[in-house]
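Raw contents of protein.pdb, PDB, C-alpha atoms:
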```
MODEL        1
ATOM      1  CA  MET A   1       0.000   0.000   0.000
ATOM      2  CA  SER A   2       1.340   3.424  -0.865
ATOM      3  CA  LYS A   3       1.958   6.090   1.758
ATOM      4  CA  ILE A   4      -0.900   8.572   2.099
ATOM      5  CA  ASN A   5      -0.067  11.992   0.680
ATOM      6  CA  ILE A   6      -2.132  14.190   3.023
ATOM      7  CA  GLU A   7      -1.795  17.341   0.912
ATOM      8  CA  LYS A   8      -2.919  15.530  -2.246
ATOM      9  CA  MET A   9      -5.810  13.933  -0.347
ATOM     10  CA  LEU A  10      -6.955  17.289   1.044
ATOM     11  CA  THR A  11      -6.858  18.860  -2.428
ATOM     12  CA  GLU A  12      -8.843  15.989  -3.954
ATOM     13  CA  LEU A  13     -11.445  16.059  -1.191
ATOM     14  CA  GLN A  14     -11.816  19.852  -1.434
ATOM     15  CA  GLU A  15     -12.412  19.593  -5.184
ATOM     16  CA  LEU A  16     -14.911  16.778  -4.696
ATOM     17  CA  MET A  17     -16.847  18.220  -1.745
ATOM     18  CA  GLY A  18     -16.674  21.900  -2.636
ATOM     19  CA  ASP A  19     -18.207  24.293  -0.110
ATOM     20  CA  LYS A  20     -19.432  21.403   2.082
ATOM     21  CA  LEU A  21     -15.827  21.036   3.296
ATOM     22  CA  GLN A  22     -13.490  23.493   4.995
ATOM     23  CA  ILE A  23      -9.921  22.490   5.798
ATOM     24  CA  SER A  24      -7.800  23.824   8.633
ATOM     25  CA  ARG A  25      -4.596  22.745  10.350
ATOM     26  CA  ASP A  26      -3.031  22.944  13.765
ATOM     27  CA  ASP A  27       0.175  21.491  15.212
ATOM     28  CA  SER A  28      -1.363  18.011  15.532
ATOM     29  CA  PHE A  29      -4.001  17.475  12.848
ATOM     30  CA  SER A  30      -5.338  18.450   9.499
ATOM     31  CA  TRP A  31      -9.019  19.152  10.257
ATOM     32  CA  LEU A  32     -11.820  18.479   7.816
ATOM     33  CA  ASN A  33     -14.884  20.505   8.787
ATOM     34  CA  ILE A  34     -17.812  18.972   6.909
ATOM     35  CA  ASN A  35     -21.535  19.711   6.670
ATOM     36  CA  SER A  36     -23.375  17.047   8.639
ATOM     37  CA  GLU A  37     -25.311  15.947   5.536
ATOM     38  CA  ALA A  38     -22.033  14.961   3.834
ATOM     39  CA  LEU A  39     -20.397  13.305   6.869
ATOM     40  CA  LEU A  40     -21.122   9.687   5.936
ATOM     41  CA  ASP A  41     -19.883  10.221   2.359
ATOM     42  CA  LEU A  42     -16.646  11.849   3.554
ATOM     43  CA  MET A  43     -15.963   9.171   6.158
ATOM     44  CA  GLY A  44     -16.544   6.363   3.658
ATOM     45  CA  ARG A  45     -14.073   8.000   1.273
ATOM     46  CA  LEU A  46     -11.477   8.484   4.010
ATOM     47  CA  LYS A  47     -11.638   4.795   4.865
ATOM     48  CA  ASN A  48     -12.098   3.207   1.440
ATOM     49  CA  ASP A  49     -10.164   5.585  -0.831
ATOM     50  CA  TYR A  50      -7.434   6.857   1.497
ATOM     51  CA  GLY A  51      -6.905   3.999   3.961
ATOM     52  CA  PHE A  52      -7.978   5.545   7.267
ATOM     53  CA  ASN A  53      -8.704   2.178   8.810
ATOM     54  CA  TYR A  54      -9.003   3.181  12.480
ATOM     55  CA  LEU A  55     -11.594   5.400  14.158
ATOM     56  CA  ALA A  56      -9.640   6.088  17.331
ATOM     57  CA  ASN A  57     -12.130   8.371  19.000
ATOM     58  CA  LEU A  58     -15.346  10.240  18.554
ATOM     59  CA  THR A  59     -16.708  12.778  20.977
ATOM     60  CA  SER A  60     -18.923  15.833  21.090
ATOM     61  CA  VAL A  61     -18.774  19.397  22.331
ATOM     62  CA  ASP A  62     -21.791  21.359  23.553
ATOM     63  CA  TYR A  63     -21.558  25.016  22.522
ATOM     64  CA  GLY A  64     -25.034  25.828  23.841
ATOM     65  CA  GLU A  65     -26.522  26.832  20.479
ATOM     66  CA  ALA A  66     -24.988  23.865  18.635
ATOM     67  CA  PHE A  67     -23.116  20.620  19.102
ATOM     68  CA  GLU A  68     -19.929  19.663  17.353
ATOM     69  CA  MET A  69     -18.980  16.069  16.650
ATOM     70  CA  VAL A  70     -15.222  15.444  16.630
ATOM     71  CA  TYR A  71     -13.614  12.353  15.089
ATOM     72  CA  HIS A  72      -9.944  11.261  15.166
ATOM     73  CA  LEU A  73      -8.967   8.915  12.328
ATOM     74  CA  TYR A  74      -5.733   7.050  11.700
ATOM     75  CA  SER A  75      -4.188   4.995   8.963
ATOM     76  CA  ILE A  76      -2.201   2.473  10.965
ATOM     77  CA  PRO A  77      -0.146   1.146   7.994
ATOM     78  CA  ASP A  78       0.778   4.664   6.828
ATOM     79  CA  ASN A  79       1.128   6.275  10.274
ATOM     80  CA  ALA A  80      -1.186   9.101   9.136
ATOM     81  CA  LYS A  81      -3.887  10.958  11.036
ATOM     82  CA  VAL A  82      -6.700  13.378  10.314
ATOM     83  CA  GLY A  83      -9.474  14.982  12.338
ATOM     84  CA  VAL A  84     -13.047  15.505  11.195
ATOM     85  CA  LYS A  85     -15.586  17.899  12.710
ATOM     86  CA  THR A  86     -19.236  18.528  11.964
ATOM     87  CA  ARG A  87     -21.757  20.881  13.600
ATOM     88  CA  ILE A  88     -25.333  19.938  14.407
ATOM     89  CA  THR A  89     -28.016  22.131  15.904
ATOM     90  CA  GLY A  90     -31.171  21.775  17.933
ATOM     91  CA  ASN A  91     -32.249  20.029  21.109
ATOM     92  CA  ALA A  92     -33.115  16.950  19.040
ATOM     93  CA  ALA A  93     -29.600  16.848  17.549
ATOM     94  CA  GLU A  94     -28.984  13.994  15.120
ATOM     95  CA  VAL A  95     -26.150  12.928  12.827
ATOM     96  CA  ASP A  96     -25.476   9.857  10.679
ATOM     97  CA  SER A  97     -24.060   6.814  12.435
ATOM     98  CA  LEU A  98     -20.635   5.611  11.338
ATOM     99  CA  VAL A  99     -21.147   2.005  12.482
ATOM    100  CA  SER A 100     -21.477   0.959   8.820
ATOM    101  CA  VAL A 101     -17.985   2.391   8.166
ATOM    102  CA  TRP A 102     -16.176   1.470  11.409
ATOM    103  CA  SER A 103     -17.789  -1.025  13.784
ATOM    104  CA  THR A 104     -15.881   0.624  16.648
ATOM    105  CA  ALA A 105     -18.272   3.579  16.342
ATOM    106  CA  ASP A 106     -20.964   1.435  18.009
ATOM    107  CA  TRP A 107     -20.071   1.952  21.661
ATOM    108  CA  GLN A 108     -18.594   5.415  21.152
ATOM    109  CA  GLU A 109     -21.819   6.709  19.561
ATOM    110  CA  ARG A 110     -23.845   5.125  22.356
ATOM    111  CA  GLU A 111     -21.681   6.935  24.912
ATOM    112  CA  VAL A 112     -22.246  10.293  23.175
ATOM    113  CA  PHE A 113     -25.986   9.560  22.993
ATOM    114  CA  ASP A 114     -26.099   8.634  26.674
ATOM    115  CA  LEU A 115     -24.159  11.634  27.973
ATOM    116  CA  MET A 116     -25.015  14.339  25.395
ATOM    117  CA  GLY A 117     -28.327  13.244  23.869
ATOM    118  CA  ILE A 118     -27.138  13.263  20.260
ATOM    119  CA  ARG A 119     -28.896  10.592  18.192
ATOM    120  CA  PHE A 120     -27.136   8.662  15.452
ATOM    121  CA  LYS A 121     -29.284   7.875  12.408
ATOM    122  CA  GLY A 122     -28.898   4.271  11.315
ATOM    123  CA  HIS A 123     -27.278   3.063  14.538
ATOM    124  CA  PRO A 124     -28.261  -0.591  15.092
ATOM    125  CA  ASN A 125     -28.645  -0.363  18.889
ATOM    126  CA  MET A 126     -29.168   3.237  20.054
ATOM    127  CA  ILE A 127     -29.609   2.566  23.787
ATOM    128  CA  ARG A 128     -27.880   3.852  26.895
ATOM    129  CA  ILE A 129     -24.479   2.366  27.646
ATOM    130  CA  LEU A 130     -23.396   4.022  30.924
ATOM    131  CA  LEU A 131     -26.491   5.269  32.730
ATOM    132  CA  PRO A 132     -29.538   3.308  33.883
ATOM    133  CA  ASP A 133     -32.460   3.117  31.441
ATOM    134  CA  GLU A 134     -34.664   5.141  33.805
ATOM    135  CA  PHE A 135     -32.166   8.031  34.062
ATOM    136  CA  GLU A 136     -33.680  11.259  32.735
ATOM    137  CA  GLY A 137     -31.595  13.646  30.694
ATOM    138  CA  HIS A 138     -28.044  13.753  29.423
ATOM    139  CA  PRO A 139     -25.603  14.897  32.135
ATOM    140  CA  LEU A 140     -22.870  16.439  29.954
ATOM    141  CA  ARG A 141     -25.204  18.867  28.196
ATOM    142  CA  LYS A 142     -24.988  22.485  29.250
ATOM    143  CA  ASP A 143     -28.752  22.576  29.808
ATOM    144  CA  PHE A 144     -28.723  19.584  32.216
ATOM    145  CA  LYS A 145     -30.163  20.623  35.582
ATOM    146  CA  VAL A 146     -28.375  19.270  38.641
ATOM    147  CA  GLU A 147     -30.619  18.901  41.672
ATOM    148  CA  ARG A 148     -29.184  19.952  45.017
TER     149      ARG A 148
ENDMDL
END
```
So that I can check it, write out the structure of this file as structure tokens.
Amino acid sequence: MSKINIEKMLTELQELMGDKLQISRDDSFSWLNINSEALLDLMGRLKNDYGFNYLANLTSVDYGEAFEMVYHLYSIPDNAKVGVKTRITGNAAEVDSLVSVWSTADWQEREVFDLMGIRFKGHPNMIRILLPDEFEGHPLRKDFKVER
């Protein structure tokens, strides 16, 4: 397998995705900021076309007015990494599940659902993973009320 050329990949993806994709960089990652509607397409391409075979982590950030999903992807054979972010809005926040791309997304998406209340469309088992079934709310959301 050939070594991933990150710059070439970013150029190809930008041409393909157009204004649905914004690219930024920091000291650690090249970040692909994608519209939520194009997330599943982008992630499939990153795995199948560019060899990002490992979803190391997915998490979410609550900004009050919106949520941001953050994904860290690696190509183990090529020792390459990339980050992907997508914003979703609304109290009934929902984004496509990535279980069909990486099976490791299963438990990670359930954790985000449990703690943040974000639903994952197409997830095969969208149930709580950490909290009891009867627990009300999502304790990592900014609007979660703590009783004293």
Nearest residue to Phe120 (chain A) out of A:Leu32, A:Val84, A:Leu13, A:Leu40, using all atoms listed in the file?
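Among A:Leu32, A:Val84, A:Leu13, A:Leu40, it is A:Leu40 that comes nearest to Phe120 (chain A).
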Mind pulling up the distance from CA of Val70 (chain A) to CA of Thr86 (chain A)?
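These two atoms are separated by 6.9 Å.
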With only C-alpha atoms as the atoms that count, which of A:Glu147, A:Glu136, A:Lys142, A:Asn57 lies nearest to Trp107 (chain A)?
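Checking each candidate against Trp107 (chain A), we get A:Asn57 as the closest.
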Calculated over all atoms listed in the file, which of the candidates A:Thr89, A:Asp96, A:Asp78, A:Arg25 has the smallest distance to Ala38 (chain A)?
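Among A:Thr89, A:Asp96, A:Asp78, A:Arg25, it is A:Asp96 that comes nearest to Ala38 (chain A).
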Distance criterion (all atoms listed in the file): nearest to Arg141 (chain A) out of A:Ser100, A:Asn33, A:His72, A:Phe113
A:Phe113
Around all the atoms of region 120-131 of chain A listed in the file, draw an axis-aligned box and extend it by 5 Å on each of the six sides; I want its centre and edge lengths in Å to one decimal, as lines of an AutoDock Vina configuration file.
```
center_x = -26.5
center_y = 4.0
center_z = 22.0
size_x = 16.2
size_y = 19.3
size_z = 31.4
```
Using only C-alpha atoms, can you tell me which of A:Ile4, A:Leu16, A:Met69, A:Ile23 comes closest to Leu98 (chain A)?
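Checking each of A:Ile4, A:Leu16, A:Met69, A:Ile23 against Leu98 (chain A), counting only C-alpha atoms, the winner is A:Met69.
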Select all residues near (-22.5, 5.0, 25.7) (cut-off 12 Å, inclusive, file coordinates), counting all atoms listed in the file, and output them as a ChimeraX atom specification.
/A:58-59,105-120,125-133,138
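Our summary of the geometry notes that CA of Gly90 (chain A) is positioned 7.3 Å from CA of Glu65 (chain A).
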So that I can see what lies close to Lys3 (chain A), please list as a list in words the residues with an atom at most 10 Å from it, counting only C-alpha atoms and leaving out residues fewer than 5 positions away in the same chain.
Tyr50, Gly51, Ser75, Pro77, Asp78, Asn79 and Ala80 of chain A
For Ile34 (chain A), the nearest of the candidates A:Lys20, A:Lys81, A:Lys8, A:His123, counting only C-alpha atoms
A:Lys20
As a PDB file, in the frame of the given file, please: region 107-132 of chain A completed to N, CA and C atoms.
```pdb
ATOM      1  N   TRP A 107     -20.054   1.569  20.249  1.00  0.00           N
ATOM      2  CA  TRP A 107     -20.071   1.952  21.661  1.00  0.00           C
ATOM      3  C   TRP A 107     -19.780   3.438  21.848  1.00  0.00           C
ATOM      4  N   GLN A 108     -18.922   3.993  21.008  1.00  0.00           N
ATOM      5  CA  GLN A 108     -18.594   5.415  21.152  1.00  0.00           C
ATOM      6  C   GLN A 108     -19.815   6.295  20.869  1.00  0.00           C
ATOM      7  N   GLU A 109     -20.599   5.954  19.848  1.00  0.00           N
ATOM      8  CA  GLU A 109     -21.819   6.709  19.561  1.00  0.00           C
ATOM      9  C   GLU A 109     -22.837   6.532  20.679  1.00  0.00           C
ATOM     10  N   ARG A 110     -22.925   5.341  21.238  1.00  0.00           N
ATOM     11  CA  ARG A 110     -23.845   5.125  22.356  1.00  0.00           C
ATOM     12  C   ARG A 110     -23.445   5.949  23.578  1.00  0.00           C
ATOM     13  N   GLU A 111     -22.159   6.111  23.803  1.00  0.00           N
ATOM     14  CA  GLU A 111     -21.681   6.935  24.912  1.00  0.00           C
ATOM     15  C   GLU A 111     -22.064   8.405  24.696  1.00  0.00           C
ATOM     16  N   VAL A 112     -21.871   8.910  23.483  1.00  0.00           N
ATOM     17  CA  VAL A 112     -22.246  10.293  23.175  1.00  0.00           C
ATOM     18  C   VAL A 112     -23.756  10.471  23.307  1.00  0.00           C
ATOM     19  N   PHE A 113     -24.533   9.504  22.834  1.00  0.00           N
ATOM     20  CA  PHE A 113     -25.986   9.560  22.993  1.00  0.00           C
ATOM     21  C   PHE A 113     -26.349   9.617  24.474  1.00  0.00           C
ATOM     22  N   ASP A 114     -25.778   8.744  25.257  1.00  0.00           N
ATOM     23  CA  ASP A 114     -26.099   8.634  26.674  1.00  0.00           C
ATOM     24  C   ASP A 114     -25.781   9.931  27.431  1.00  0.00           C
ATOM     25  N   LEU A 115     -24.611  10.489  27.190  1.00  0.00           N
ATOM     26  CA  LEU A 115     -24.159  11.634  27.973  1.00  0.00           C
ATOM     27  C   LEU A 115     -24.538  12.986  27.378  1.00  0.00           C
ATOM     28  N   MET A 116     -24.732  13.056  26.043  1.00  0.00           N
ATOM     29  CA  MET A 116     -25.015  14.339  25.395  1.00  0.00           C
ATOM     30  C   MET A 116     -26.368  14.399  24.705  1.00  0.00           C
ATOM     31  N   GLY A 117     -27.007  13.254  24.487  1.00  0.00           N
ATOM     32  CA  GLY A 117     -28.327  13.244  23.869  1.00  0.00           C
ATOM     33  C   GLY A 117     -28.333  13.366  22.359  1.00  0.00           C
ATOM     34  N   ILE A 118     -27.191  13.216  21.721  1.00  0.00           N
ATOM     35  CA  ILE A 118     -27.138  13.263  20.260  1.00  0.00           C
ATOM     36  C   ILE A 118     -27.511  11.884  19.733  1.00  0.00           C
ATOM     37  N   ARG A 119     -28.461  11.866  18.799  1.00  0.00           N
ATOM     38  CA  ARG A 119     -28.896  10.592  18.192  1.00  0.00           C
ATOM     39  C   ARG A 119     -28.098  10.347  16.923  1.00  0.00           C
ATOM     40  N   PHE A 120     -27.905   9.064  16.619  1.00  0.00           N
ATOM     41  CA  PHE A 120     -27.136   8.662  15.452  1.00  0.00           C
ATOM     42  C   PHE A 120     -28.038   7.872  14.519  1.00  0.00           C
ATOM     43  N   LYS A 121     -28.401   8.505  13.392  1.00  0.00           N
ATOM     44  CA  LYS A 121     -29.284   7.875  12.408  1.00  0.00           C
ATOM     45  C   LYS A 121     -28.632   6.619  11.845  1.00  0.00           C
ATOM     46  N   GLY A 122     -29.391   5.525  11.864  1.00  0.00           N
ATOM     47  CA  GLY A 122     -28.898   4.271  11.315  1.00  0.00           C
ATOM     48  C   GLY A 122     -28.117   3.420  12.298  1.00  0.00           C
ATOM     49  N   HIS A 123     -27.993   3.870  13.540  1.00  0.00           N
ATOM     50  CA  HIS A 123     -27.278   3.063  14.538  1.00  0.00           C
ATOM     51  C   HIS A 123     -28.109   1.821  14.861  1.00  0.00           C
ATOM     52  N   PRO A 124     -27.494   0.637  14.902  1.00  0.00           N
ATOM     53  CA  PRO A 124     -28.261  -0.591  15.092  1.00  0.00           C
ATOM     54  C   PRO A 124     -28.758  -0.829  16.512  1.00  0.00           C
ATOM     55  N   ASN A 125     -28.279  -0.083  17.497  1.00  0.00           N
ATOM     56  CA  ASN A 125     -28.645  -0.363  18.889  1.00  0.00           C
ATOM     57  C   ASN A 125     -28.532   0.899  19.734  1.00  0.00           C
ATOM     58  N   MET A 126     -29.284   1.935  19.403  1.00  0.00           N
ATOM     59  CA  MET A 126     -29.168   3.237  20.054  1.00  0.00           C
ATOM     60  C   MET A 126     -29.836   3.201  21.437  1.00  0.00           C
ATOM     61  N   ILE A 127     -29.130   2.607  22.402  1.00  0.00           N
ATOM     62  CA  ILE A 127     -29.609   2.566  23.787  1.00  0.00           C
ATOM     63  C   ILE A 127     -28.485   3.049  24.699  1.00  0.00           C
ATOM     64  N   ARG A 128     -28.872   3.385  25.918  1.00  0.00           N
ATOM     65  CA  ARG A 128     -27.880   3.852  26.895  1.00  0.00           C
ATOM     66  C   ARG A 128     -26.802   2.798  27.115  1.00  0.00           C
ATOM     67  N   ILE A 129     -25.594   3.277  27.417  1.00  0.00           N
ATOM     68  CA  ILE A 129     -24.479   2.366  27.646  1.00  0.00           C
ATOM     69  C   ILE A 129     -23.873   2.553  29.034  1.00  0.00           C
ATOM     70  N   LEU A 130     -24.003   3.741  29.625  1.00  0.00           N
ATOM     71  CA  LEU A 130     -23.396   4.022  30.924  1.00  0.00           C
ATOM     72  C   LEU A 130     -24.420   4.225  32.037  1.00  0.00           C
ATOM     73  N   LEU A 131     -25.499   4.904  31.717  1.00  0.00           N
ATOM     74  CA  LEU A 131     -26.491   5.269  32.730  1.00  0.00           C
ATOM     75  C   LEU A 131     -27.654   4.291  32.718  1.00  0.00           C
ATOM     76  N   PRO A 132     -28.369   4.198  33.842  1.00  0.00           N
ATOM     77  CA  PRO A 132     -29.538   3.308  33.883  1.00  0.00           C
ATOM     78  C   PRO A 132     -30.617   3.766  32.899  1.00  0.00           C
TER      79      PRO A 132
END
```
